[in-house]
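J.: Contents of target27.txt (compact mmCIF, C-alpha atoms) are given next:
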# COMPACT_ATOMS: atom_id res chain seq x y z
CA MET A 1 -77.59 -265.26 -161.99
CA ASN A 2 -76.12 -268.76 -162.36
CA THR A 3 -72.40 -268.00 -162.72
CA VAL A 4 -69.87 -266.95 -160.11
CA LYS A 5 -66.10 -266.42 -159.88
CA VAL A 6 -64.05 -267.14 -156.79
CA GLY A 7 -60.62 -265.54 -156.47
CA MET A 8 -58.08 -265.27 -153.67
CA LEU A 9 -59.30 -266.73 -150.39
CA GLY A 10 -56.63 -265.97 -147.81
CA THR A 11 -57.59 -268.09 -144.81
CA PRO A 12 -59.27 -271.42 -144.04
CA ASP A 13 -62.09 -269.54 -142.27
CA THR A 14 -62.77 -267.51 -145.41
CA ILE A 15 -62.72 -270.70 -147.47
CA ASP A 16 -65.23 -272.31 -145.09
CA ALA A 17 -67.57 -269.33 -145.42
CA VAL A 18 -67.33 -269.25 -149.22
CA ALA A 19 -67.82 -273.02 -149.51
CA GLN A 20 -70.90 -272.79 -147.31
CA GLY A 21 -72.27 -269.92 -149.41
CA LEU A 22 -71.62 -271.70 -152.70
CA SER A 23 -73.31 -274.85 -151.40
CA GLN A 24 -76.54 -273.02 -150.59
CA ARG A 25 -77.65 -272.89 -154.21
CA LYS A 26 -77.13 -274.61 -157.54
CA TRP A 27 -74.70 -272.86 -159.88
CA LYS A 28 -74.29 -273.56 -163.57
CA ASN A 29 -70.72 -272.20 -163.54
CA VAL A 30 -68.33 -271.79 -160.64
CA VAL A 31 -65.04 -270.37 -161.92
CA VAL A 32 -62.20 -270.72 -159.43
CA ASP A 33 -58.95 -268.81 -159.80
CA PRO A 34 -56.98 -270.90 -157.28
CA VAL A 35 -54.63 -268.35 -155.79
CA LEU A 36 -52.21 -270.44 -153.73
CA ILE A 37 -49.94 -269.01 -151.05
CA CYS A 38 -50.96 -265.43 -150.49
CA LYS A 39 -48.20 -262.83 -150.24
CA GLY A 40 -47.01 -262.39 -146.67
CA GLN A 41 -48.38 -265.70 -145.38
CA GLU A 42 -46.33 -267.91 -143.14
CA PRO A 43 -45.61 -271.30 -144.80
CA GLY A 44 -47.72 -273.27 -142.29
CA ALA A 45 -50.70 -270.96 -142.71
CA ALA A 46 -50.28 -271.09 -146.49
CA LEU A 47 -50.38 -274.89 -146.48
CA ASP A 48 -53.54 -274.89 -144.35
CA THR A 49 -55.14 -272.46 -146.79
CA ASP A 50 -54.04 -274.45 -149.85
CA ASN A 51 -55.38 -277.69 -148.36
CA ALA A 52 -58.71 -276.08 -147.46
CA LEU A 53 -59.02 -274.67 -151.00
CA ARG A 54 -58.39 -278.12 -152.51
CA GLU A 55 -60.78 -279.88 -150.15
CA LYS A 56 -63.66 -277.41 -149.97
CA ILE A 57 -63.67 -275.11 -153.01
CA LEU A 58 -62.28 -277.15 -155.92
CA PRO A 59 -64.98 -279.85 -155.60
CA LEU A 60 -67.57 -277.10 -156.18
CA ALA A 61 -65.79 -275.70 -159.26
CA THR A 62 -66.82 -276.22 -162.85
CA VAL A 63 -63.80 -274.30 -164.18
CA VAL A 64 -60.42 -273.80 -162.51
CA THR A 65 -57.78 -271.41 -163.90
CA PRO A 66 -54.35 -272.17 -162.40
CA ASN A 67 -51.13 -270.45 -163.47
CA VAL A 68 -47.97 -272.54 -163.90
CA PHE A 69 -47.11 -272.54 -160.17
CA GLU A 70 -50.68 -273.38 -159.18
CA ALA A 71 -50.96 -276.06 -161.89
CA LYS A 72 -47.75 -277.66 -160.64
CA THR A 73 -49.01 -277.66 -157.06
CA LEU A 74 -52.55 -278.88 -157.84
CA SER A 75 -51.37 -281.61 -160.25
CA GLY A 76 -48.59 -282.87 -157.99
CA MET A 77 -46.06 -282.49 -160.80
CA GLU A 78 -42.48 -281.61 -159.89
CA GLN A 79 -41.98 -279.30 -162.85
CA ILE A 80 -43.83 -277.60 -165.69
CA THR A 81 -41.38 -276.22 -168.23
CA THR A 82 -43.13 -277.01 -171.53
CA VAL A 83 -46.60 -276.64 -173.00
CA GLU A 84 -46.87 -280.43 -173.05
CA GLU A 85 -46.21 -280.57 -169.30
CA LEU A 86 -48.80 -277.82 -168.79
CA GLU A 87 -51.28 -279.96 -170.73
CA GLU A 88 -50.47 -282.98 -168.56
CA ALA A 89 -51.03 -280.88 -165.43
CA ALA A 90 -54.40 -279.72 -166.76
CA LYS A 91 -55.45 -283.33 -167.37
CA ARG A 92 -54.42 -284.34 -163.86
CA ILE A 93 -56.30 -281.44 -162.28
CA GLY A 94 -59.23 -282.29 -164.56
CA GLU A 95 -59.70 -285.58 -162.73
CA SER A 96 -61.63 -283.58 -160.13
CA VAL A 97 -62.83 -280.48 -162.04
CA PRO A 98 -64.79 -280.55 -165.33
CA TYR A 99 -62.79 -277.80 -167.09
CA VAL A 100 -59.21 -276.66 -166.50
CA VAL A 101 -57.69 -273.56 -168.08
CA ALA A 102 -53.98 -273.78 -167.28
CA LYS A 103 -52.26 -270.46 -167.93
CA GLY A 104 -48.72 -270.56 -169.30
CA GLY A 105 -48.23 -266.84 -169.76
CA VAL A 106 -44.58 -265.77 -169.97
CA GLU A 107 -43.47 -268.64 -167.72
CA LEU A 108 -42.89 -271.12 -170.54
CA PRO A 109 -40.20 -270.78 -173.23
CA GLY A 110 -41.02 -269.56 -176.71
CA ASP A 111 -42.40 -266.45 -178.30
CA LYS A 112 -46.05 -267.25 -177.58
CA ALA A 113 -48.05 -267.02 -174.37
CA VAL A 114 -49.90 -270.34 -174.34
CA ASP A 115 -52.91 -271.25 -172.23
CA VAL A 116 -54.54 -274.67 -172.47
CA LEU A 117 -58.11 -275.83 -171.93
CA TRP A 118 -58.79 -279.41 -170.85
CA ASP A 119 -62.48 -280.22 -171.22
CA GLY A 120 -62.30 -283.80 -170.00
CA LYS A 121 -61.81 -285.15 -173.52
CA GLU A 122 -59.34 -282.98 -175.37
CA ILE A 123 -56.84 -280.16 -175.05
CA THR A 124 -57.32 -276.88 -176.87
CA ARG A 125 -54.42 -274.44 -177.02
CA PHE A 126 -54.94 -270.68 -176.97
CA GLU A 127 -51.89 -268.74 -178.15
CA ALA A 128 -50.94 -265.10 -178.52
CA PRO A 129 -47.56 -263.46 -179.11
CA LYS A 130 -45.79 -262.72 -175.84
CA VAL A 131 -45.65 -259.07 -174.89
CA GLY A 132 -42.21 -258.98 -173.30
CA GLU A 133 -40.83 -261.53 -170.88
CA GLN A 134 -42.04 -260.02 -167.60
CA ARG A 135 -45.18 -260.94 -165.69
CA VAL A 136 -48.03 -258.46 -165.73
CA SER A 137 -49.98 -258.08 -162.52
CA GLY A 138 -53.69 -258.83 -162.82
CA ALA A 139 -53.51 -260.93 -165.98
CA GLY A 140 -54.54 -264.17 -164.26
CA CYS A 141 -57.49 -262.77 -162.39
CA THR A 142 -58.54 -260.79 -165.47
CA ILE A 143 -58.69 -263.88 -167.67
CA ALA A 144 -60.66 -265.77 -165.00
CA ALA A 145 -63.11 -262.86 -164.68
CA ALA A 146 -63.48 -262.59 -168.46
CA ILE A 147 -64.16 -266.35 -168.73
CA THR A 148 -66.80 -265.91 -166.03
CA GLY A 149 -68.41 -263.03 -167.89
CA GLU A 150 -68.52 -264.95 -171.17
CA LEU A 151 -70.00 -268.04 -169.48
CA ALA A 152 -72.62 -265.84 -167.80
CA LYS A 153 -73.58 -264.51 -171.25
CA GLY A 154 -74.11 -268.10 -172.43
CA ALA A 155 -70.88 -268.87 -174.30
CA ASP A 156 -69.56 -272.41 -174.26
CA ILE A 157 -66.25 -272.97 -172.49
CA ALA A 158 -64.00 -272.87 -175.58
CA LYS A 159 -65.55 -269.63 -176.86
CA ALA A 160 -65.38 -268.13 -173.37
CA VAL A 161 -61.68 -268.95 -173.05
CA GLY A 162 -60.93 -267.64 -176.56
CA ALA A 163 -62.69 -264.34 -175.89
CA ALA A 164 -61.00 -264.03 -172.48
CA LYS A 165 -57.56 -264.71 -173.99
CA ARG A 166 -58.08 -261.94 -176.56
CA PHE A 167 -59.33 -259.55 -173.86
CA VAL A 168 -56.38 -260.13 -171.52
CA THR A 169 -53.89 -259.93 -174.40
CA ARG A 170 -55.25 -256.47 -175.26
CA GLY A 171 -54.95 -255.53 -171.59
CA ILE A 172 -51.34 -256.71 -171.44
CA ASN A 173 -50.50 -254.78 -174.60
CA ALA A 174 -51.95 -251.64 -172.99
CA ARG A 175 -50.47 -252.34 -169.53
CA VAL A 176 -49.70 -249.50 -167.17
CA SER A 177 -46.58 -248.93 -165.11
CA ALA A 178 -46.47 -247.80 -161.52
CA ASN A 179 -44.00 -247.94 -158.69
CA THR A 180 -44.58 -251.70 -158.33
CA PRO A 181 -42.53 -254.80 -159.17
CA PHE A 182 -44.68 -255.57 -162.23
CA ASP A 183 -46.71 -253.58 -164.72
CA THR A 184 -50.49 -253.96 -164.41
CA VAL A 185 -52.91 -255.17 -167.04
CA TRP A 186 -55.16 -252.38 -168.33
CA GLN A 187 -58.68 -253.79 -168.44
CA GLY A 188 -60.02 -250.75 -170.26
CA ALA A 189 -58.06 -251.52 -173.44
CA ASN A 190 -60.04 -251.81 -176.66
Before anything else, please render the file you have as structure tokens.
T.:
Amino acid sequence: MNTVKVGMLGTPDTIDAVAQGLSQRKWKNVVVDPVLICKGQEPGAALDTDNALREKILPLATVVTPNVFEAKTLSGMEQITTVEELEEAAKRIGESVPYVVAKGGVELPGDKAVDVLWDGKEITRFEAPKVGEQRVSGAGCTIAAAITGELAKGADIAKAVGAAKRFVTRGINARVSANTPFDTVWQGAN
């Protein structure tokens, strides 16, 4: 196994442990879904966690998959309200990570959910019709996991992102409702 995905890491101690574990071997692909500010965290603790993630995990990543909020934070941009700004954020983040998949989702205006891939040389857009205007819980981590799976099977980054985008779009179309603030992506959709 030469591919791994890292998701939400809620404390600096957890980040230290994961960074140490990742550093103990050589990985071909380290996909990082940079979940910033965990629900329920105090602002000071959240900042410590965000800083530890940036300092200790991102340098080990080959692919990072920020959503709009995370892309804004990691790039240092004040706003991301257009696809072009999302692309600029991806390029800025890409100064320290080889591949950036910035996820626009329903956050950006228009009738398409647009994600962008920065590969260090060029931007590739991945678009699908929006399925409503509300966020769907699990979409971000699902696309990161699907990218990881495709890379582990040997796909190049653009093919991995394309396959992952199609997979998560099917899951959003088949989303399930519960007594939660957002519907949840259905990963079993065909």
J.: One number please: CA of Asp50 in chain A to CA of Ser96 in chain A, in Å, one decimal.
T.: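 CA of Ser96 in chain A lies at a distance of 15.7 Å from CA of Asp50 in chain A.
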J.: Quick check, in Å to one decimal: how far apart do CA of Lys56 in chain A and CA of Gly138 in chain A lie?
T.: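 Here the two named atoms are 24.7 Å from each other.
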J.: Excluding range 168-172 of chain A and its own-chain neighbours fewer than 2 positions away, which residues fall within 10 Å of it when counting all atoms listed in the file? Please give them as a PyMOL selection string.
T.: chain A and resi 113+127-132+135-146+163-166+174-176+183-190
J.: Would you work out the distance separating CA of Arg125 in chain A from CA of Ala158 in chain A, expressed in Å to one decimal?
T.: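 Separation of CA of Arg125 in chain A and CA of Ala158 in chain A: 9.8 Å.
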J.: Compile the contact shell of Lys28 in chain A as a PyMOL selection string: residues with an atom at most 8 Å away, counting all atoms listed in the file, same-chain residues fewer than 5 positions apart removed.
T.: chain A and resi 2-3+62
J.: Find the spatial neighbours of Arg25 in chain A, counting only C-alpha atoms, within a cut-off of 12 Å - ignore same-chain residues fewer than 3 positions away - and output them as number ranges by chain.
T.: A: 1-4, 19-22, 28-30, 60
J.: If we count all atoms listed in the file and set the cut-off at 12 Å, which residues sit around Gly76 in chain A, ignoring sequence neighbours fewer than 2 positions away in its own chain? Please answer as a list in words.
T.: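 Close residues of Gly76 in chain A: Val68, Phe69, Glu70, Ala71, Lys72, Thr73, Leu74, Glu78, Gln79, Ile80, Glu85, Leu86, Glu88, Ala89, Ala90, Lys91, Arg92 and Ile93 of chain A.
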J.: Report as AutoDock Vina command-line options the centre and the edge lengths, in Å to one decimal, of the axis-aligned box holding every listed atom of range 171-185 of chain A, padded by 5 Å on each side.
T.:
--center_x -48.7 --center_y -252.3 --center_z -166.5 --size_x 22.4 --size_y 18.9 --size_z 26.3
J.: With all atoms listed in the file as the basis for distance, which of A:Gly154, A:Gly104, A:Gly7, A:Gly162 is at the shortest distance from Asn67 in chain A?
T.: A:Gly104
J.: Could you tell me which of A:Thr81, A:Thr65, A:Thr124, A:Ser177 comes closest to Lys5 in chain A if we count all atoms listed in the file?
T.: A:Thr65
J.: Quick one: residues within 8 Å of Glu87 in chain A, all atoms listed in the file counted, chain neighbours fewer than 4 positions away excluded, as number ranges by chain?
T.: A: 83, 91, 102, 116, 118, 123
J.: From the options A:Ala178, A:Leu117, A:Ala52, A:Leu47, which residue's atoms come nearest to Val64 in chain A, counting only C-alpha atoms?
T.: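 Among the listed residues, A:Leu117 lies closest to Val64 in chain A.
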J.: Just checking: using only C-alpha atoms, which residue out of A:Thr180, A:Thr49, A:Glu84, A:Asp115 ends up closest to Lys103 in chain A?
T.: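 Closest to Lys103 in chain A of all the choices is A:Asp115.
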